[in-house]
Amino acid sequence: MIEVLVGSLLLAGTGFMLVAALGVWRMPDLLTRLHATTKAATLGVALIMLGVALHFGEAGVVARALGVVLFVMLTAPVAAHAIGRAGYFVGARPWSGTVKDELRPHYDPLNHRLHSGVEEESGGPSDPPRNSSDVP
Amino acid sequence: MSLLLSLCLLALTVGLAMALVRLCLGPSLPDRVVALELFATLVVGMIGLLAIAYGVSALLDVAIVMALMGFMATIGFARFLERGGQRDD
């Protein structure tokens, strides 16, 4: 019974990690590759480590396996956010079928300023007040 | 080593090959960093499978260290890119 459960957990985890690798190979741009690899690989590692914990069944091994799961689940979104942000700043080209980039009209890549759009309504439509007030 | 473990290890090896393809032909440095992070995650899974195959539970410590190294490498590359590294890769 335990062996069947362990085997199915290992197969499911391996399948998710294979899907993540397939996504990082076939997806068209950086953000979709991040989308594929972060979630699927994290779930794959979690399932494999649950299988390891069930197979050994000792307290120390279960604690270590759950530690790996917790660590990967905590760090994978942070790493994906950091590398996605760095890729956007460096200028990674989005896929040609991208419909909307909400950050592009509000973000100034030269001085890393983010405009909300509200201050332009108060200052007047003709001159952007950020540039006129910041440049002495 | 049972058939199921061999099958899982073979599938993860195929996954490593796919990530290697992206690592070689990724158009920019962040794409290669994503492939490297996937490498680390796949190796963590392989170490878990090998721990079951050989019955050595101490291999899980290696898995913990591998996950930590992958995370640190990704954060380091992200900081390097944001602080203005080589952009013509």
# chains A, B, ... in the order shown; residues from 1 in each chain; ligands from 1
$ closest_atom_pairs --of "chain B" --to "chain A" --cutoff "8 Å" --atoms "only C-alpha atoms" --output "CSV"
residue,atom,partner,partner_atom,distance
B:Leu4,CA,A:Gly7,CA,7.2
B:Cys8,CA,A:Thr14,CA,6.0
B:Ala11,CA,A:Leu18,CA,6.6
B:Leu12,CA,A:Leu18,CA,6.4
B:Val14,CA,A:Leu18,CA,7.6
B:Gly15,CA,A:Ala21,CA,5.0
B:Leu16,CA,A:Ala21,CA,7.2
B:Met18,CA,A:Trp25,CA,5.7
B:Ala19,CA,A:Ala21,CA,5.8
B:Val21,CA,A:Trp25,CA,6.8
B:Arg22,CA,A:Trp25,CA,5.4
B:Ser28,CA,A:Ala92,CA,7.1
B:Pro30,CA,A:Gly87,CA,5.7
B:Asp31,CA,A:Leu30,CA,5.8
B:Val33,CA,A:Ile83,CA,7.8
B:Val34,CA,A:Leu34,CA,6.8
B:Ala35,CA,A:Val24,CA,7.0
B:Leu38,CA,A:Thr37,CA,6.6
B:Thr41,CA,A:Ala41,CA,6.7
B:Leu42,CA,A:Met17,CA,7.0
B:Val44,CA,A:Val45,CA,7.2
B:Gly45,CA,A:Val45,CA,5.6
B:Gly48,CA,A:Val52,CA,6.4
B:Leu49,CA,A:Ile48,CA,7.5
B:Ala51,CA,A:Val52,CA,7.7
B:Ile52,CA,A:Val52,CA,6.5
B:Ser57,CA,A:Val61,CA,6.5
B:Leu60,CA,A:Arg64,CA,6.7
B:Asp61,CA,A:Arg64,CA,7.5
B:Ala63,CA,A:Val68,CA,7.4
B:Ile64,CA,A:Val68,CA,5.7
B:Ala67,CA,A:Val72,CA,6.8
B:Phe71,CA,A:Ala79,CA,6.4
B:Thr74,CA,A:Ala79,CA,6.1
B:Ile75,CA,A:Ala79,CA,6.0
B:Phe77,CA,A:Ile83,CA,7.7
B:Ala78,CA,A:Ile83,CA,5.1
B:Arg79,CA,A:Ala86,CA,7.5
B:Leu81,CA,A:Ala86,CA,5.9
B:Glu82,CA,A:Ala86,CA,5.4
B:Arg87,CA,A:Val90,CA,7.2
$ write_last_selection --atoms "C-alpha atoms" --output "PDB file, in the first residue's frame"
ATOM      1  CA  LEU B   4       9.891   2.669 -11.734  1.00  0.00           C
ATOM      2  CA  CYS B   8      11.736   8.361 -13.274  1.00  0.00           C
ATOM      3  CA  ALA B  11      12.517  11.129 -17.461  1.00  0.00           C
ATOM      4  CA  LEU B  12      14.451  13.591 -15.313  1.00  0.00           C
ATOM      5  CA  VAL B  14      15.388  13.955 -20.557  1.00  0.00           C
ATOM      6  CA  GLY B  15      14.285  17.063 -18.657  1.00  0.00           C
ATOM      7  CA  LEU B  16      17.925  17.975 -18.002  1.00  0.00           C
ATOM      8  CA  MET B  18      15.709  19.981 -22.557  1.00  0.00           C
ATOM      9  CA  ALA B  19      16.967  22.552 -20.053  1.00  0.00           C
ATOM     10  CA  VAL B  21      19.006  23.045 -25.002  1.00  0.00           C
ATOM     11  CA  ARG B  22      17.517  26.236 -23.556  1.00  0.00           C
ATOM     12  CA  SER B  28      19.541  36.445 -23.380  1.00  0.00           C
ATOM     13  CA  PRO B  30      18.029  35.788 -17.960  1.00  0.00           C
ATOM     14  CA  ASP B  31      16.842  32.875 -20.101  1.00  0.00           C
ATOM     15  CA  VAL B  33      19.624  31.790 -15.601  1.00  0.00           C
ATOM     16  CA  VAL B  34      16.118  30.307 -15.712  1.00  0.00           C
ATOM     17  CA  ALA B  35      17.550  27.165 -17.281  1.00  0.00           C
ATOM     18  CA  LEU B  38      15.659  24.483 -13.430  1.00  0.00           C
ATOM     19  CA  THR B  41      15.584  21.900  -9.119  1.00  0.00           C
ATOM     20  CA  LEU B  42      15.835  18.830 -11.359  1.00  0.00           C
ATOM     21  CA  VAL B  44      17.200  18.030  -6.218  1.00  0.00           C
ATOM     22  CA  GLY B  45      14.537  15.661  -7.544  1.00  0.00           C
ATOM     23  CA  GLY B  48      15.629  12.312  -3.853  1.00  0.00           C
ATOM     24  CA  LEU B  49      15.141   9.438  -6.286  1.00  0.00           C
ATOM     25  CA  ALA B  51      18.208   8.333  -1.979  1.00  0.00           C
ATOM     26  CA  ILE B  52      15.311   5.910  -2.431  1.00  0.00           C
ATOM     27  CA  SER B  57      18.794   8.852   3.606  1.00  0.00           C
ATOM     28  CA  LEU B  60      18.783  14.441   1.525  1.00  0.00           C
ATOM     29  CA  ASP B  61      21.361  16.781   3.053  1.00  0.00           C
ATOM     30  CA  ALA B  63      19.452  17.913  -1.749  1.00  0.00           C
ATOM     31  CA  ILE B  64      19.084  20.712   0.804  1.00  0.00           C
ATOM     32  CA  ALA B  67      18.370  23.807  -3.402  1.00  0.00           C
ATOM     33  CA  PHE B  71      18.521  29.909  -5.012  1.00  0.00           C
ATOM     34  CA  THR B  74      19.678  32.925  -9.121  1.00  0.00           C
ATOM     35  CA  ILE B  75      19.594  35.845  -6.687  1.00  0.00           C
ATOM     36  CA  PHE B  77      22.616  36.659 -11.200  1.00  0.00           C
ATOM     37  CA  ALA B  78      19.553  38.872 -10.727  1.00  0.00           C
ATOM     38  CA  ARG B  79      21.545  41.368  -8.664  1.00  0.00           C
ATOM     39  CA  LEU B  81      21.921  42.041 -14.036  1.00  0.00           C
ATOM     40  CA  GLU B  82      20.242  44.884 -12.183  1.00  0.00           C
ATOM     41  CA  ARG B  87      24.193  43.088 -21.625  1.00  0.00           C
TER      42      ARG B  87
END
$ select_by_dssp --residues "chain A" --states "strand (DSSP E or B)" --output "PyMOL selection string"
chain A and resi 107-108+113-114
$ closest_residue --among "A:Pro77, A:Gly57, A:Val99, A:Asn111" --to "His35 of chain A" --atoms "only C-alpha atoms"
A:Pro77
$ select_by_dssp --residues "chain A" --states "helix (DSSP H, G or I)" --output "PyMOL selection string"
chain A and resi 2-26+30-56+59-90+104-106+118-123+129-134
$ write_last_selection --atoms "C-alpha atoms" --output "mmCIF file, in the first residue's frame"
data_model
loop_
_atom_site.group_PDB
_atom_site.id
_atom_site.type_symbol
_atom_site.label_atom_id
_atom_site.label_comp_id
_atom_site.auth_asym_id
_atom_site.auth_seq_id
_atom_site.Cartn_x
_atom_site.Cartn_y
_atom_site.Cartn_z
ATOM 1 C CA ILE A 2 2.754 2.391 0.996
ATOM 2 C CA GLU A 3 4.804 1.314 -2.012
ATOM 3 C CA VAL A 4 1.950 2.011 -4.406
ATOM 4 C CA LEU A 5 1.490 5.453 -2.857
ATOM 5 C CA VAL A 6 5.227 6.184 -3.034
ATOM 6 C CA GLY A 7 5.373 5.030 -6.636
ATOM 7 C CA SER A 8 2.453 7.179 -7.695
ATOM 8 C CA LEU A 9 3.912 10.209 -5.882
ATOM 9 C CA LEU A 10 7.271 9.728 -7.591
ATOM 10 C CA LEU A 11 5.649 9.312 -11.005
ATOM 11 C CA ALA A 12 3.496 12.409 -10.549
ATOM 12 C CA GLY A 13 6.461 14.489 -9.375
ATOM 13 C CA THR A 14 8.597 13.324 -12.249
ATOM 14 C CA GLY A 15 5.816 14.136 -14.683
ATOM 15 C CA PHE A 16 5.491 17.673 -13.348
ATOM 16 C CA MET A 17 9.235 18.238 -13.550
ATOM 17 C CA LEU A 18 9.279 16.894 -17.099
ATOM 18 C CA VAL A 19 6.479 19.333 -17.987
ATOM 19 C CA ALA A 20 8.539 22.151 -16.459
ATOM 20 C CA ALA A 21 11.565 21.210 -18.553
ATOM 21 C CA LEU A 22 9.402 20.957 -21.674
ATOM 22 C CA GLY A 23 8.020 24.415 -20.918
ATOM 23 C CA VAL A 24 11.439 25.959 -20.481
ATOM 24 C CA TRP A 25 12.441 24.452 -23.788
ATOM 25 C CA ARG A 26 9.383 25.357 -25.872
ATOM 26 C CA LEU A 30 11.368 34.856 -20.629
ATOM 27 C CA LEU A 31 8.198 35.439 -18.619
ATOM 28 C CA THR A 32 6.342 32.432 -20.008
ATOM 29 C CA ARG A 33 9.425 30.301 -19.349
ATOM 30 C CA LEU A 34 9.458 31.512 -15.757
ATOM 31 C CA HIS A 35 5.753 30.775 -15.533
ATOM 32 C CA ALA A 36 6.364 27.220 -16.720
ATOM 33 C CA THR A 37 9.411 26.387 -14.674
ATOM 34 C CA THR A 38 8.652 27.911 -11.282
ATOM 35 C CA LYS A 39 5.308 26.393 -10.429
ATOM 36 C CA ALA A 40 5.608 23.011 -12.114
ATOM 37 C CA ALA A 41 9.147 22.309 -10.883
ATOM 38 C CA THR A 42 8.233 23.350 -7.329
ATOM 39 C CA LEU A 43 5.253 21.020 -7.311
ATOM 40 C CA GLY A 44 7.403 18.233 -8.767
ATOM 41 C CA VAL A 45 10.044 18.584 -6.057
ATOM 42 C CA ALA A 46 7.347 18.673 -3.380
ATOM 43 C CA LEU A 47 5.747 15.448 -4.643
ATOM 44 C CA ILE A 48 9.090 13.636 -4.959
ATOM 45 C CA MET A 49 10.125 14.693 -1.463
ATOM 46 C CA LEU A 50 6.780 13.541 -0.063
ATOM 47 C CA GLY A 51 7.467 10.194 -1.712
ATOM 48 C CA VAL A 52 10.909 10.050 -0.100
ATOM 49 C CA ALA A 53 9.431 10.877 3.314
ATOM 50 C CA LEU A 54 6.798 8.154 2.956
ATOM 51 C CA HIS A 55 9.364 5.605 1.751
ATOM 52 C CA PHE A 56 11.795 6.016 4.642
ATOM 53 C CA ALA A 59 11.430 11.113 11.874
ATOM 54 C CA GLY A 60 14.727 12.624 10.774
ATOM 55 C CA VAL A 61 14.199 11.826 7.108
ATOM 56 C CA VAL A 62 10.638 13.145 7.156
ATOM 57 C CA ALA A 63 11.835 16.364 8.779
ATOM 58 C CA ARG A 64 14.565 16.831 6.169
ATOM 59 C CA ALA A 65 12.229 16.091 3.269
ATOM 60 C CA LEU A 66 9.620 18.517 4.551
ATOM 61 C CA GLY A 67 12.428 21.020 5.081
ATOM 62 C CA VAL A 68 13.388 20.720 1.419
ATOM 63 C CA VAL A 69 9.745 21.188 0.399
ATOM 64 C CA LEU A 70 9.329 24.244 2.610
ATOM 65 C CA PHE A 71 12.582 25.776 1.423
ATOM 66 C CA VAL A 72 11.801 25.300 -2.258
ATOM 67 C CA MET A 73 8.288 26.636 -1.838
ATOM 68 C CA LEU A 74 9.634 29.712 -0.047
ATOM 69 C CA THR A 75 12.508 30.468 -2.391
ATOM 70 C CA ALA A 76 11.170 29.622 -5.856
ATOM 71 C CA PRO A 77 8.732 32.598 -6.074
ATOM 72 C CA VAL A 78 11.404 34.966 -4.724
ATOM 73 C CA ALA A 79 13.943 33.793 -7.273
ATOM 74 C CA ALA A 80 11.401 33.967 -10.107
ATOM 75 C CA HIS A 81 10.411 37.491 -9.105
ATOM 76 C CA ALA A 82 14.039 38.623 -8.925
ATOM 77 C CA ILE A 83 15.025 37.203 -12.279
ATOM 78 C CA GLY A 84 11.836 38.399 -13.971
ATOM 79 C CA ARG A 85 12.373 41.911 -12.674
ATOM 80 C CA ALA A 86 16.018 41.876 -13.759
ATOM 81 C CA GLY A 87 14.994 40.582 -17.174
ATOM 82 C CA TYR A 88 12.447 43.352 -17.604
ATOM 83 C CA PHE A 89 15.033 45.981 -16.660
ATOM 84 C CA VAL A 90 17.671 44.538 -18.959
ATOM 85 C CA ARG A 104 5.529 50.083 -20.231
ATOM 86 C CA PRO A 105 3.664 53.471 -20.370
ATOM 87 C CA HIS A 106 4.160 54.212 -16.657
ATOM 88 C CA VAL A 118 -2.614 60.677 -10.932
ATOM 89 C CA GLU A 119 -0.013 63.419 -10.710
ATOM 90 C CA GLU A 120 -0.318 64.128 -14.428
ATOM 91 C CA GLU A 121 -4.025 64.889 -14.016
ATOM 92 C CA SER A 122 -3.287 67.365 -11.216
ATOM 93 C CA GLY A 123 -0.338 68.998 -12.967
ATOM 94 C CA PRO A 129 5.476 67.322 -13.751
ATOM 95 C CA ARG A 130 7.922 64.595 -12.795
ATOM 96 C CA ASN A 131 10.520 65.663 -15.324
ATOM 97 C CA SER A 132 10.042 69.401 -14.859
ATOM 98 C CA SER A 133 10.289 69.246 -11.075
ATOM 99 C CA ASP A 134 13.128 66.750 -10.828
#
$ residues_around --residues "Glu102 of chain A" --least-positions-apart "4" --cutoff "12 Å" --atoms "only C-alpha atoms" --output "number ranges by chain"
A: 98, 106-107, 114-116
$ write_last_selection --atoms "C-alpha atoms" --output "mmCIF file, in the first residue's frame"
data_model
loop_
_atom_site.group_PDB
_atom_site.id
_atom_site.type_symbol
_atom_site.label_atom_id
_atom_site.label_comp_id
_atom_site.auth_asym_id
_atom_site.auth_seq_id
_atom_site.Cartn_x
_atom_site.Cartn_y
_atom_site.Cartn_z
ATOM 1 C CA THR A 98 1.808 39.706 -26.053
ATOM 2 C CA HIS A 106 4.160 54.212 -16.657
ATOM 3 C CA TYR A 107 7.781 53.243 -16.233
ATOM 4 C CA LEU A 114 7.219 54.651 -11.810
ATOM 5 C CA HIS A 115 4.444 57.115 -12.621
ATOM 6 C CA SER A 116 0.998 56.457 -11.254
#
$ atom_distance --atom1 "atom CA of Ala17 of chain B" --atom2 "atom CA of Pro28 of chain A"
18.0 Å
$ residues_around --residues "Leu9 of chain B" --least-positions-apart "4" --cutoff "7 Å" --atoms "only C-alpha atoms" --output "short mmCIF file (atom, residue, chain, number, x, y, z; two decimals) with C-alpha atoms, in the first residue's frame"
data_model
loop_
_atom_site.label_atom_id
_atom_site.label_comp_id
_atom_site.auth_asym_id
_atom_site.auth_seq_id
_atom_site.Cartn_x
_atom_site.Cartn_y
_atom_site.Cartn_z
CA LEU B 5 12.93 4.41 -10.31
CA THR B 13 17.51 13.09 -17.52
CA MET B 46 17.16 13.25 -8.88
#
